[in-house]
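Enquirer: Okay, here's the structure, questions in a sec.
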Amino acid sequence: YDQRYLVNGDRRLYYNVYTDRSHSQVIGDGSGISVTLHGDAGTTRYTLYGLLPAQPMAVPGLYSDNLVITLSY
């Protein structure tokens with residue numbers, strides 16, 4: 001999986017999305033240290049946790065990213 005970051009022009013703020021509050025399970029494609037989520041044929045709900053670590057050189061502004069989710073059934 002690739003490092004996630006929010007963008008504002010050429011500026012970046014790094015973040016990630018996790019399956020747990022302790023931020024130990026990175027959501028990804030299963031490669032590296034990332035994990036995938038699996039459900040059943042019914043309705044499955046997940047709570048995900050984002051973490052934007054301290055970045056002392058960050059510049060205030062409006063940052064954005066697109067998070068792609070692939071569903072297979």
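Chain labels follow the order of the structure tokens: the first chain is A, the next B, and so on; residue numbering restarts at 1 in every chain, and ligands are counted from 1 in their shown order.
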Can you tell me, as an MDAnalysis selection string, what residues are no more than 10 Å from Gln25 of chain A when counting only C-alpha atoms, ignoring any on the same chain fewer than 4 positions away?

Expert: chainID A and resid 16:21 33:36 49

Enquirer: I need the residues from that last selection saved to file as an mmCIF file, in the first residue's frame (with C-alpha atoms), if you can.

Expert:
```cif
data_model
loop_
_atom_site.group_PDB
_atom_site.id
_atom_site.type_symbol
_atom_site.label_atom_id
_atom_site.label_comp_id
_atom_site.auth_asym_id
_atom_site.auth_seq_id
_atom_site.Cartn_x
_atom_site.Cartn_y
_atom_site.Cartn_z
ATOM 1 C CA ASN A 16 -3.505 6.892 7.731
ATOM 2 C CA VAL A 17 -6.724 4.965 8.378
ATOM 3 C CA TYR A 18 -6.869 2.135 10.917
ATOM 4 C CA THR A 19 -9.239 -0.602 12.074
ATOM 5 C CA ASP A 20 -8.582 0.036 15.767
ATOM 6 C CA ARG A 21 -8.314 2.876 18.272
ATOM 7 C CA ILE A 33 1.767 -4.158 7.126
ATOM 8 C CA SER A 34 -1.738 -3.359 5.850
ATOM 9 C CA VAL A 35 -4.886 -5.414 6.409
ATOM 10 C CA THR A 36 -8.109 -5.846 4.471
ATOM 11 C CA TYR A 49 -10.026 5.505 12.815
#
```

Enquirer: If we count only C-alpha atoms, what is near Leu6 of chain A at a cut-off of 9 Å, once residues fewer than 2 positions away on the same chain are taken out, given as a PDB file with C-alpha atoms, in the first residue's frame?

Expert:
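The file below, result-v1.pdb, is the result:
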```pdb
ATOM      1  CA  ARG A   4      -1.603   8.375   2.446  1.00  0.00           C
ATOM      2  CA  ASN A   8      -2.682  21.518  -0.628  1.00  0.00           C
ATOM      3  CA  ARG A  11       2.229  20.694   0.463  1.00  0.00           C
ATOM      4  CA  ARG A  12       1.444  17.338   2.075  1.00  0.00           C
ATOM      5  CA  LEU A  13       0.107  16.181   5.424  1.00  0.00           C
ATOM      6  CA  TYR A  14       0.621  12.483   6.071  1.00  0.00           C
ATOM      7  CA  TYR A  15      -2.135  10.407   7.660  1.00  0.00           C
ATOM      8  CA  TYR A  63      -6.013  19.940   2.375  1.00  0.00           C
ATOM      9  CA  SER A  64      -7.799  17.078   0.625  1.00  0.00           C
ATOM     10  CA  ASP A  65      -7.387  13.490  -0.541  1.00  0.00           C
ATOM     11  CA  ASN A  66      -9.470  10.834  -2.305  1.00  0.00           C
TER      12      ASN A  66
END
```

Enquirer: Taking into account only C-alpha atoms, which residue in the set A:Gly30, A:Gly39, A:Val7, A:Arg45 is nearest to Pro60 of chain A?

Expert: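 The shortest atom-to-atom distance to Pro60 of chain A comes from A:Val7.
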
Enquirer: Excluding same-chain residues fewer than 4 positions from segment 70-73 of chain A, what lies within 10 Å of it counting only C-alpha atoms, as a PyMOL selection string?

Expert: chain A and resi 29+37-41
